Each structure stands twice: as C-alpha cells, then as structure tokens.
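**Q** Structure in structure tokens, see below.
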Amino acid sequence: MKPSFFILMNHELTPHQEKEVKEVMKCRCIITPPKKIKDIWIKITPYGMIDTEALEEITDYLSIKAREGDYVLVQGEFGATFYIVDYCFWNGLVPVYATSERRYNERHTEEGSIERHHIFSHVQFRKYVRWRNP
C-alpha cells in the first residue's frame with residue numbers, strides 16, 4: 001500500500017509541494033493534523049526547557065494514525081523537530097523536510113531607499129538522515 005504523508009509544520013503545503021507528494025513520492029494521501037496537534041506545534045515556547053509532555057501528545061497521535069513507512073514532514077522549533085524526527089526513526093516512520101532555493105533582489109528607489117525582496121522557492125522534500133558511527 002502507498003504511504004501517507006503527515007504534516008507537522010506551521011503553514012500549509014503549496015500546490016507544487018502537494019504535486020510532489022502525490023506524483024514523485026507516490027503518497028496516497030496528505031494528512032493535516034487536527035487543531036489540537038497543530039496548536040501544540042505552533043505554540044512551542046522558546047523559553048525554558050522543551051515541554052516533552054506536549055510533544056508526547058504529538059507522538060501519541062502519530063502512533064495511532066501513522067503506520068510504518070509513512071512520511072512525516074517535520075519542520076519547526078529545532079528542539080521539537082529533533083524530538084519528533086528521533087521518534088520517527090525509532091518507530092519506522094520516514095521523517096522529511098522541505099528544501100528551498102533563495103533568490104534575492106535589491107532595488108534602489110527614486111526616494112533613495114533600498115527595497116529588498118527575498119523569494120523562497122520549494123526545491124524538494126529530503127529525508128532526514130541519521131549519523132552513522134564508522
């Protein structure tokens with residue numbers, strides 16, 4: 001059976017990304033987490049220690065909904081991302097992240113100011129890889 005594609009990030013997929021998931025990665029469906037899980041992911045505080053109890057709600061969700069070989073797009077706060085990616089590795093899920101290309105334009109206006117424009121374009125989804133002790 002084709003894998004599912006679970007999303008754990010702070011925004012929606014672009015149409016280009018959805019196309020890649022379906023056509024290149026051959027996933028049967030894209031699964032956006034329920035509001036409670038989204039809210040936990042979006043509201044991770046930068047203060048104090050990481051709240052592993054909150055992250056356990058996410059791993060509990062994945063343990064119920066995902067099956068071995070499913071993809072999980074994991075992007076967000078670094079500590080939480082590491083925690084979920086590690087969970088995925090230990091539980092037979094395939095953690096991925098989106099790579100992008102950045103283009104930069106600068107324009108000098110007639111008023112003497114400078115306008116800077118950054119464009120981020122999706123390139124591909126890439127699997128997280130584990131370090132291997134030689």
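Scheme for the structure tokens: letters A, B, ... for chains in order shown; per-chain residue numbers from 1; ligand numbers from 1 in order shown.
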Pick out the residues sitting within 8 Å of A:Tyr104, and hand them over as a list of chain:residue names; count only C-alpha atoms, and ignore anything fewer than 2 positions along from it in its own chain.
**A**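 These residues fall inside the cut-off: A:Arg102, A:Glu106, A:Arg116, A:His117, A:His118, A:Ile119.
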**Q** Can you list, as a ChimeraX atom specification, every protein, DNA or RNA residue that comes within 12 Å of A:Glu57 when you count only C-alpha atoms, leaving out same-chain residues fewer than 2 positions away?
**A** /A:33-34,36-41,51-55,59-64,84
**Q** Those same residues, written as a PDB file, in the first residue's frame with C-alpha atoms?
**A**
```pdb
ATOM      1  CA  PRO A  33      -3.105  17.106  11.933  1.00  0.00           C
ATOM      2  CA  PRO A  34      -6.175  18.019  13.978  1.00  0.00           C
ATOM      3  CA  LYS A  36      -5.147  20.337  18.927  1.00  0.00           C
ATOM      4  CA  ILE A  37      -1.939  18.878  17.437  1.00  0.00           C
ATOM      5  CA  LYS A  38      -1.417  21.928  15.176  1.00  0.00           C
ATOM      6  CA  ASP A  39      -1.795  24.233  18.180  1.00  0.00           C
ATOM      7  CA  ILE A  40       0.801  22.311  20.193  1.00  0.00           C
ATOM      8  CA  TRP A  41       3.262  22.508  17.287  1.00  0.00           C
ATOM      9  CA  ASP A  51       7.733  20.599  27.053  1.00  0.00           C
ATOM     10  CA  THR A  52       8.056  16.883  26.327  1.00  0.00           C
ATOM     11  CA  GLU A  53       4.584  16.225  27.755  1.00  0.00           C
ATOM     12  CA  ALA A  54       3.100  18.347  24.976  1.00  0.00           C
ATOM     13  CA  LEU A  55       5.294  16.619  22.407  1.00  0.00           C
ATOM     14  CA  THR A  59       3.859  11.188  19.261  1.00  0.00           C
ATOM     15  CA  ASP A  60       0.679   9.593  20.653  1.00  0.00           C
ATOM     16  CA  TYR A  61      -1.224  10.979  17.652  1.00  0.00           C
ATOM     17  CA  LEU A  62       1.378   9.574  15.242  1.00  0.00           C
ATOM     18  CA  SER A  63       1.427   6.200  16.997  1.00  0.00           C
ATOM     19  CA  ILE A  64      -2.341   5.912  16.451  1.00  0.00           C
ATOM     20  CA  ILE A  84       9.815  14.174  16.589  1.00  0.00           C
TER      21      ILE A  84
END
```
**Q** Here is a test: counting only C-alpha atoms, which residue of A:His108, A:Arg103, A:Arg28, A:His16 is nearest to A:Phe125?
**A** A:His16
**Q** How would you write, as an NGL selection string, the set of residues in chain A that DSSP gives as alpha helix (DSSP H)?
**A** :A and (15-19 or 35-42 or 52-65 or 78-90)
**Q** Could you save the residues just selected, with C-alpha atoms, as an mmCIF file, in the first residue's frame?
**A**
```cif
data_model
loop_
_atom_site.group_PDB
_atom_site.id
_atom_site.type_symbol
_atom_site.label_atom_id
_atom_site.label_comp_id
_atom_site.auth_asym_id
_atom_site.auth_seq_id
_atom_site.Cartn_x
_atom_site.Cartn_y
_atom_site.Cartn_z
ATOM 1 C CA PRO A 15 0.310 23.345 -4.763
ATOM 2 C CA HIS A 16 3.815 22.496 -6.070
ATOM 3 C CA GLN A 17 4.595 20.614 -2.847
ATOM 4 C CA GLU A 18 1.278 18.752 -2.965
ATOM 5 C CA LYS A 19 2.047 17.682 -6.521
ATOM 6 C CA LYS A 35 -6.355 21.509 15.503
ATOM 7 C CA LYS A 36 -5.147 20.337 18.927
ATOM 8 C CA ILE A 37 -1.939 18.878 17.437
ATOM 9 C CA LYS A 38 -1.417 21.928 15.176
ATOM 10 C CA ASP A 39 -1.795 24.233 18.180
ATOM 11 C CA ILE A 40 0.801 22.311 20.193
ATOM 12 C CA TRP A 41 3.262 22.508 17.287
ATOM 13 C CA ILE A 42 2.672 26.190 16.552
ATOM 14 C CA THR A 52 8.056 16.883 26.327
ATOM 15 C CA GLU A 53 4.584 16.225 27.755
ATOM 16 C CA ALA A 54 3.100 18.347 24.976
ATOM 17 C CA LEU A 55 5.294 16.619 22.407
ATOM 18 C CA GLU A 56 4.093 13.249 23.704
ATOM 19 C CA GLU A 57 0.604 14.246 22.544
ATOM 20 C CA ILE A 58 2.050 14.534 19.047
ATOM 21 C CA THR A 59 3.859 11.188 19.261
ATOM 22 C CA ASP A 60 0.679 9.593 20.653
ATOM 23 C CA TYR A 61 -1.224 10.979 17.652
ATOM 24 C CA LEU A 62 1.378 9.574 15.242
ATOM 25 C CA SER A 63 1.427 6.200 16.997
ATOM 26 C CA ILE A 64 -2.341 5.912 16.451
ATOM 27 C CA LYS A 65 -2.631 7.361 12.933
ATOM 28 C CA PHE A 78 14.676 22.914 16.458
ATOM 29 C CA GLY A 79 14.371 21.007 19.719
ATOM 30 C CA ALA A 80 10.830 19.843 18.958
ATOM 31 C CA THR A 81 11.847 18.921 15.424
ATOM 32 C CA PHE A 82 14.732 16.806 16.729
ATOM 33 C CA TYR A 83 12.410 15.100 19.226
ATOM 34 C CA ILE A 84 9.815 14.174 16.589
ATOM 35 C CA VAL A 85 12.415 13.142 13.986
ATOM 36 C CA ASP A 86 14.026 10.864 16.582
ATOM 37 C CA TYR A 87 10.597 9.385 17.372
ATOM 38 C CA CYS A 88 10.035 8.759 13.654
ATOM 39 C CA PHE A 89 13.351 6.928 13.272
ATOM 40 C CA TRP A 90 12.636 4.708 16.275
#
```
**Q** Please measure the separation of atom CA of A:Gly48 and atom CA of A:Ala98, giving the value in Å to one decimal.
**A**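 One can read the atom CA of A:Gly48 to atom CA of A:Ala98 distance as 27.7 Å.
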**Q** So that I can check the secondary structure, give me every residue of chain A assigned strand (DSSP E) by backbone DSSP, as a VMD selection string.
**A** chain A and resid 4 to 8 29 to 31 71 to 74 94 to 108 114 to 127
**Q** Could you work out how far atom CA of A:Phe6 lies from atom CA of A:Gly92, giving the answer in Å with one decimal?
**A**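 Taking atom CA of A:Gly92 as the start and atom CA of A:Phe6 as the end point, the length is 13.7 Å.
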**Q** Can you tell me which residues surround A:Arg126 at a distance of at most 12 Å, considering only C-alpha atoms, apart from same-chain residues fewer than 3 positions away, and format the answer as number ranges by chain?
**A** A: 20-21, 24-25, 71-75, 94-100, 122-123, 129
**Q** Export, as a tab-separated table (two decimals), in the first residue's frame, the selected residues with C-alpha atoms.
**A**
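Written output follows (selection.tsv):
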```tsv
chain	number	residue	atom	x	y	z
A	20	GLU	CA	5.47	16.35	-5.46
A	21	VAL	CA	3.92	14.38	-2.59
A	24	VAL	CA	7.04	11.92	-7.05
A	25	MET	CA	6.71	10.41	-3.57
A	71	TYR	CA	6.27	10.07	5.65
A	72	VAL	CA	6.20	12.80	8.30
A	73	LEU	CA	7.11	16.34	7.22
A	74	VAL	CA	8.76	17.80	10.33
A	75	GLN	CA	9.74	21.49	10.37
A	94	VAL	CA	10.18	8.40	7.38
A	95	PRO	CA	10.88	11.98	8.53
A	96	VAL	CA	11.35	14.54	5.76
A	97	TYR	CA	11.86	18.29	5.41
A	98	ALA	CA	11.44	20.76	2.57
A	99	THR	CA	14.48	22.23	0.87
A	100	SER	CA	14.25	25.62	-0.81
A	122	HIS	CA	10.48	24.90	-2.93
A	123	VAL	CA	13.03	22.51	-4.44
A	129	VAL	CA	19.40	11.01	7.77
```
